[in-house]
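First the structure, in the form of C-alpha cells, and then the observations on it.
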Amino acid sequence: MISRLLYPLFALMLLIGCTNPAPRKNKVDESKQRIPKKNLSVSTDKDNPLEEFDEKNIKQRLNVENGVSVEWIASPFKSNPTLKDGEVCLLSYRLTLPDGKIIDGNNRIKLPFIPYLVGYNMQIAGWDLGMHHLRVGDFAKVIIPAEMAYGSKGIKNIVPSNSEVWLYVKVLAKVSPDGDKNGVKYWVFDKGAPTKLDGTEDKEIFYHAIASTKSNPNVQNTYRKHLTLSYVPGARNVVPGLRSLLKAARPGQKIFALLSSEQAYGKQGYGALVQPNESVFYNLTIRSVREL
C-alpha cells in the first residue's frame, strides 16, 4: 500500500491533466544522438534557470512520436525494460514552460512521488509518448509540443496559447498490483477507514471516478461535473469489473483499476466514448459509505 499522503494528488492532477486527444501513431525515430550544448534549450532568456542545468546534464536525445522528444539526464539501468502500457510506476516530476517557469510537480502537494499508470491518458498525450521510452531509474526531460500538450487554448494564466511544455521526470519504481484476476487489475493506494459495514451488502458507496482509455482521455470525470456517484452492492449501474471493488470499498480509499473490455463495455463499446473491445482505466476515490 502507498501512504495516506497520496490523498490530495488526485485532485491536483485534474488541474494539469488530460484534456487533449490521444496521441496519433507515427513511426518512432530510433536514432539516438548526442546534442551539442548550444542546442539543448530553445529559450533565449538569459535568466532561464533550466538552461545551465540542461547544458551541463543532458547527454542523449531521442525523437519519438508527434514532435515529442526525450533527453536523458541519467539512465543508470539500461538493462531494465522500458515502461509498458498498463504498468503503474512512481514518478517525481516537474512540468515547466520553456522560459523556466515551473507550472506543476509532485512538490506542489508536498509528496515525494505520484503513481502513474502508463498508456491510458492520465495526463496530456505527450506524457505517455515519453514514458514508453523510459526505464525505472531514468531521469529525463520530455519535450512536449503544444499539440500534444494544451494546444491553442493553453491554460488561463498558467500555459500560454500554443506553448510547448517540458517534463522533467524521474522514474523511481514500478508498483505491483494488489489484485489481477479475470480481467480486473487494481492498485490500492490507501487502505481507507474501517467501518461496521465492512463485509456487508446493506450499504451505499459514494465515490468519484475519472475514466479513460488509450483512445480517449475523457470517458468520465465526476470532479468536473461536481457529481458524486453511488453504488449499492448487487446493482448493475456500473460495469462488471467495478462491482466487486466498490462492494469492498472503504471511505478514503484511492484505487487505480484497469479493466479488460469484458469487464467494461465489451464488444459493443460505449457510444463515442469507449471503442469496442477496449480496456478502461478508472481512477477511483471513495468518499463515504452509509448504511441502508
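Chain lettering (A, B, ...) mirrors the order of the C-alpha cells, residue numbering begins at 1 for each chain separately, and ligand numbering begins at 1 in order of display.
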Each residue of range 220-258 of chain A with at least one atom at most 6 Å from range 280-285 of chain A should appear once, together with its nearest atom pair and the corresponding distance in Å (one decimal); atoms considered: only C-alpha atoms; ordering: chain, then increasing residue number; output as JSON lines.
```
{"residue": "A:Gln253", "atom": "CA", "partner": "A:Thr285", "partner_atom": "CA", "distance": 5.9}
{"residue": "A:Lys254", "atom": "CA", "partner": "A:Thr285", "partner_atom": "CA", "distance": 4.8}
{"residue": "A:Ile255", "atom": "CA", "partner": "A:Leu284", "partner_atom": "CA", "distance": 5.0}
{"residue": "A:Phe256", "atom": "CA", "partner": "A:Asn283", "partner_atom": "CA", "distance": 4.8}
{"residue": "A:Ala257", "atom": "CA", "partner": "A:Tyr282", "partner_atom": "CA", "distance": 5.1}
{"residue": "A:Leu258", "atom": "CA", "partner": "A:Phe281", "partner_atom": "CA", "distance": 4.5}
```
Please report as JSON lines every residue of range 241-279 of chain A lying within 9 Å of range 196-203 of chain A, along with the nearest atom pair and their distance in Å (one decimal), using only C-alpha atoms.
```
{"residue": "A:Lys247", "atom": "CA", "partner": "A:Glu201", "partner_atom": "CA", "distance": 7.2}
{"residue": "A:Ala248", "atom": "CA", "partner": "A:Gly199", "partner_atom": "CA", "distance": 6.8}
{"residue": "A:Ala249", "atom": "CA", "partner": "A:Asp198", "partner_atom": "CA", "distance": 8.1}
{"residue": "A:Arg250", "atom": "CA", "partner": "A:Asp198", "partner_atom": "CA", "distance": 7.5}
```
Review point. Which residue out of A:Tyr93, A:Pro240, A:Trp166, A:Met122 has the minimum interatomic distance to Asn221 in chain A when only C-alpha atoms are used?
Key: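 Residue with the minimum atom-to-atom distance to Asn221 in chain A: A:Met122.
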Give me the residues within 9 Å of Tyr168 in chain A as a compact mmCIF listing (two decimals) with C-alpha atoms, in the first residue's frame, counting only C-alpha atoms and dropping any in the same chain fewer than 2 places off.
```txt
# COMPACT_ATOMS: atom_id res chain seq x y z
CA SER A 92 8.95 12.50 -9.27
CA TYR A 93 8.41 15.31 -11.77
CA ARG A 94 8.37 18.98 -12.60
CA LEU A 95 6.39 20.37 -15.53
CA THR A 96 7.80 23.63 -16.88
CA PHE A 139 15.92 10.85 -15.16
CA ALA A 140 14.85 12.57 -18.36
CA LYS A 141 13.42 15.68 -19.93
CA VAL A 142 10.44 15.12 -22.22
CA ILE A 143 9.83 17.99 -24.64
CA TRP A 166 8.93 20.39 -20.67
CA LYS A 170 12.46 10.57 -12.56
```
Practice item. Can you work out which one of A:Gly126, A:Lys181, A:Ile155, A:Leu229 has the shortest atom-to-atom distance to Ser244 in chain A, counting only C-alpha atoms? Key: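 Closest to Ser244 in chain A, using only C-alpha atoms: A:Lys181.
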**Study point:** DSSP-assigned alpha helix (DSSP H) among range 118-259 of chain A, expressed as a PyMOL selection string
**Key:** chain A and resi 125-131+240-247
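Taking CA of Glu278 in chain A and CA of Ser261 in chain A as endpoints, the distance between them is 4.9 Å.
Residues with any atom within 7 Å of range 99-106 of chain A, counting only C-alpha atoms and excluding same-chain neighbours fewer than 4 positions away, are Ser43, Asp45, Asn48, Pro49, Leu50, Ser92, Tyr93, Arg94, Leu95, Lys110, Leu111, Pro112, Phe113, Ile114 and Ile158 of chain A.
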Exercise for review: Compile the contact shell of Leu273 in chain A as a PyMOL selection string: residues with an atom at most 10 Å away, counting only C-alpha atoms, same-chain residues fewer than 3 positions apart removed.
Suggested key: chain A and resi 212-213+215-220+269-270+276
For the residues in the current selection, export C-alpha atoms as a PDB file, in the first residue's frame.
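The resulting file, again-v7.pdb, is reproduced below:
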```pdb
ATOM      1  CA  SER A 212     -10.001   6.993 -19.680  1.00  0.00           C
ATOM      2  CA  THR A 213      -8.859   4.637 -22.427  1.00  0.00           C
ATOM      3  CA  SER A 215      -8.033   6.353 -27.387  1.00  0.00           C
ATOM      4  CA  ASN A 216      -9.976   8.763 -25.182  1.00  0.00           C
ATOM      5  CA  PRO A 217      -8.711  10.742 -22.163  1.00  0.00           C
ATOM      6  CA  ASN A 218     -12.204  11.984 -21.315  1.00  0.00           C
ATOM      7  CA  VAL A 219     -14.502   9.000 -20.840  1.00  0.00           C
ATOM      8  CA  GLN A 220     -15.685  10.215 -17.437  1.00  0.00           C
ATOM      9  CA  GLY A 269     -18.194  -0.279 -26.535  1.00  0.00           C
ATOM     10  CA  TYR A 270     -19.929   2.797 -25.168  1.00  0.00           C
ATOM     11  CA  PRO A 276     -15.494  -1.886 -28.973  1.00  0.00           C
TER      12      PRO A 276
END
```
Point to revise | DSSP strand (DSSP E) residues within range 58-212 of chain A, listed as a PyMOL selection string | key: chain A and resi 60-63+69-74+88-96+102-105+114-117+139-144+165-175+179-181+184-190+203-212
Serialized selection, C-alpha atoms, as a compact mmCIF listing (two decimals), in the first residue's frame:
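Heads up, here's the output in result_39.txt:
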```txt
# COMPACT_ATOMS: atom_id res chain seq x y z
CA GLN A 60 21.39 11.96 -25.23
CA ARG A 61 18.24 12.67 -27.23
CA LEU A 62 15.61 10.55 -28.95
CA ASN A 63 12.93 11.94 -31.26
CA SER A 69 11.45 14.11 -27.84
CA VAL A 70 13.21 12.63 -24.83
CA GLU A 71 16.54 13.93 -23.50
CA TRP A 72 18.29 11.77 -20.90
CA ILE A 73 19.96 13.26 -17.86
CA ALA A 74 20.66 9.85 -16.31
CA VAL A 88 1.97 1.66 -12.67
CA CYS A 89 5.16 3.49 -11.80
CA LEU A 90 6.12 6.08 -9.19
CA LEU A 91 7.28 9.41 -10.62
CA SER A 92 8.95 12.50 -9.27
CA TYR A 93 8.41 15.31 -11.77
CA ARG A 94 8.37 18.98 -12.60
CA LEU A 95 6.39 20.37 -15.53
CA THR A 96 7.80 23.63 -16.88
CA ILE A 102 7.53 25.53 -13.11
CA ILE A 103 3.79 25.03 -13.51
CA ASP A 104 3.28 21.64 -11.83
CA GLY A 105 5.08 18.96 -9.85
CA ILE A 114 2.96 10.23 -7.56
CA PRO A 115 1.64 6.96 -9.02
CA TYR A 116 1.14 6.95 -12.78
CA LEU A 117 -0.49 4.32 -14.99
CA PHE A 139 15.92 10.85 -15.16
CA ALA A 140 14.85 12.57 -18.36
CA LYS A 141 13.42 15.68 -19.93
CA VAL A 142 10.44 15.12 -22.22
CA ILE A 143 9.83 17.99 -24.64
CA ILE A 144 6.13 18.10 -25.50
CA VAL A 165 5.96 22.23 -22.17
CA TRP A 166 8.93 20.39 -20.67
CA LEU A 167 8.51 17.43 -18.36
CA TYR A 168 11.48 16.69 -16.10
CA VAL A 169 10.78 13.24 -14.68
CA LYS A 170 12.46 10.57 -12.56
CA VAL A 171 11.07 7.04 -12.75
CA LEU A 172 11.55 5.77 -9.20
CA ALA A 173 9.92 2.33 -9.22
CA LYS A 174 7.16 0.12 -10.54
CA VAL A 175 4.23 -0.87 -8.32
CA GLY A 179 -5.01 -7.88 -7.46
CA ASP A 180 -5.01 -9.19 -11.04
CA LYS A 181 -7.72 -11.72 -11.88
CA VAL A 184 -9.58 -6.84 -13.31
CA LYS A 185 -6.24 -5.40 -12.28
CA TYR A 186 -6.17 -2.93 -9.40
CA TRP A 187 -3.87 -0.96 -7.12
CA VAL A 188 -5.00 0.36 -3.71
CA PHE A 189 -3.09 3.46 -2.60
CA ASP A 190 -4.84 3.94 0.72
CA LYS A 203 -24.87 -0.14 2.26
CA GLU A 204 -24.42 2.58 -0.33
CA ILE A 205 -20.96 3.63 -1.52
CA PHE A 206 -20.34 7.20 -2.71
CA TYR A 207 -17.33 7.83 -4.92
CA HIS A 208 -15.63 9.96 -7.56
CA ALA A 209 -14.34 8.46 -10.79
CA ILE A 210 -12.05 9.53 -13.60
CA ALA A 211 -12.10 7.10 -16.52
CA SER A 212 -10.00 6.99 -19.68
```
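Here CA of Pro81 in chain A and CA of Gln263 in chain A stand 28.2 Å from one another.
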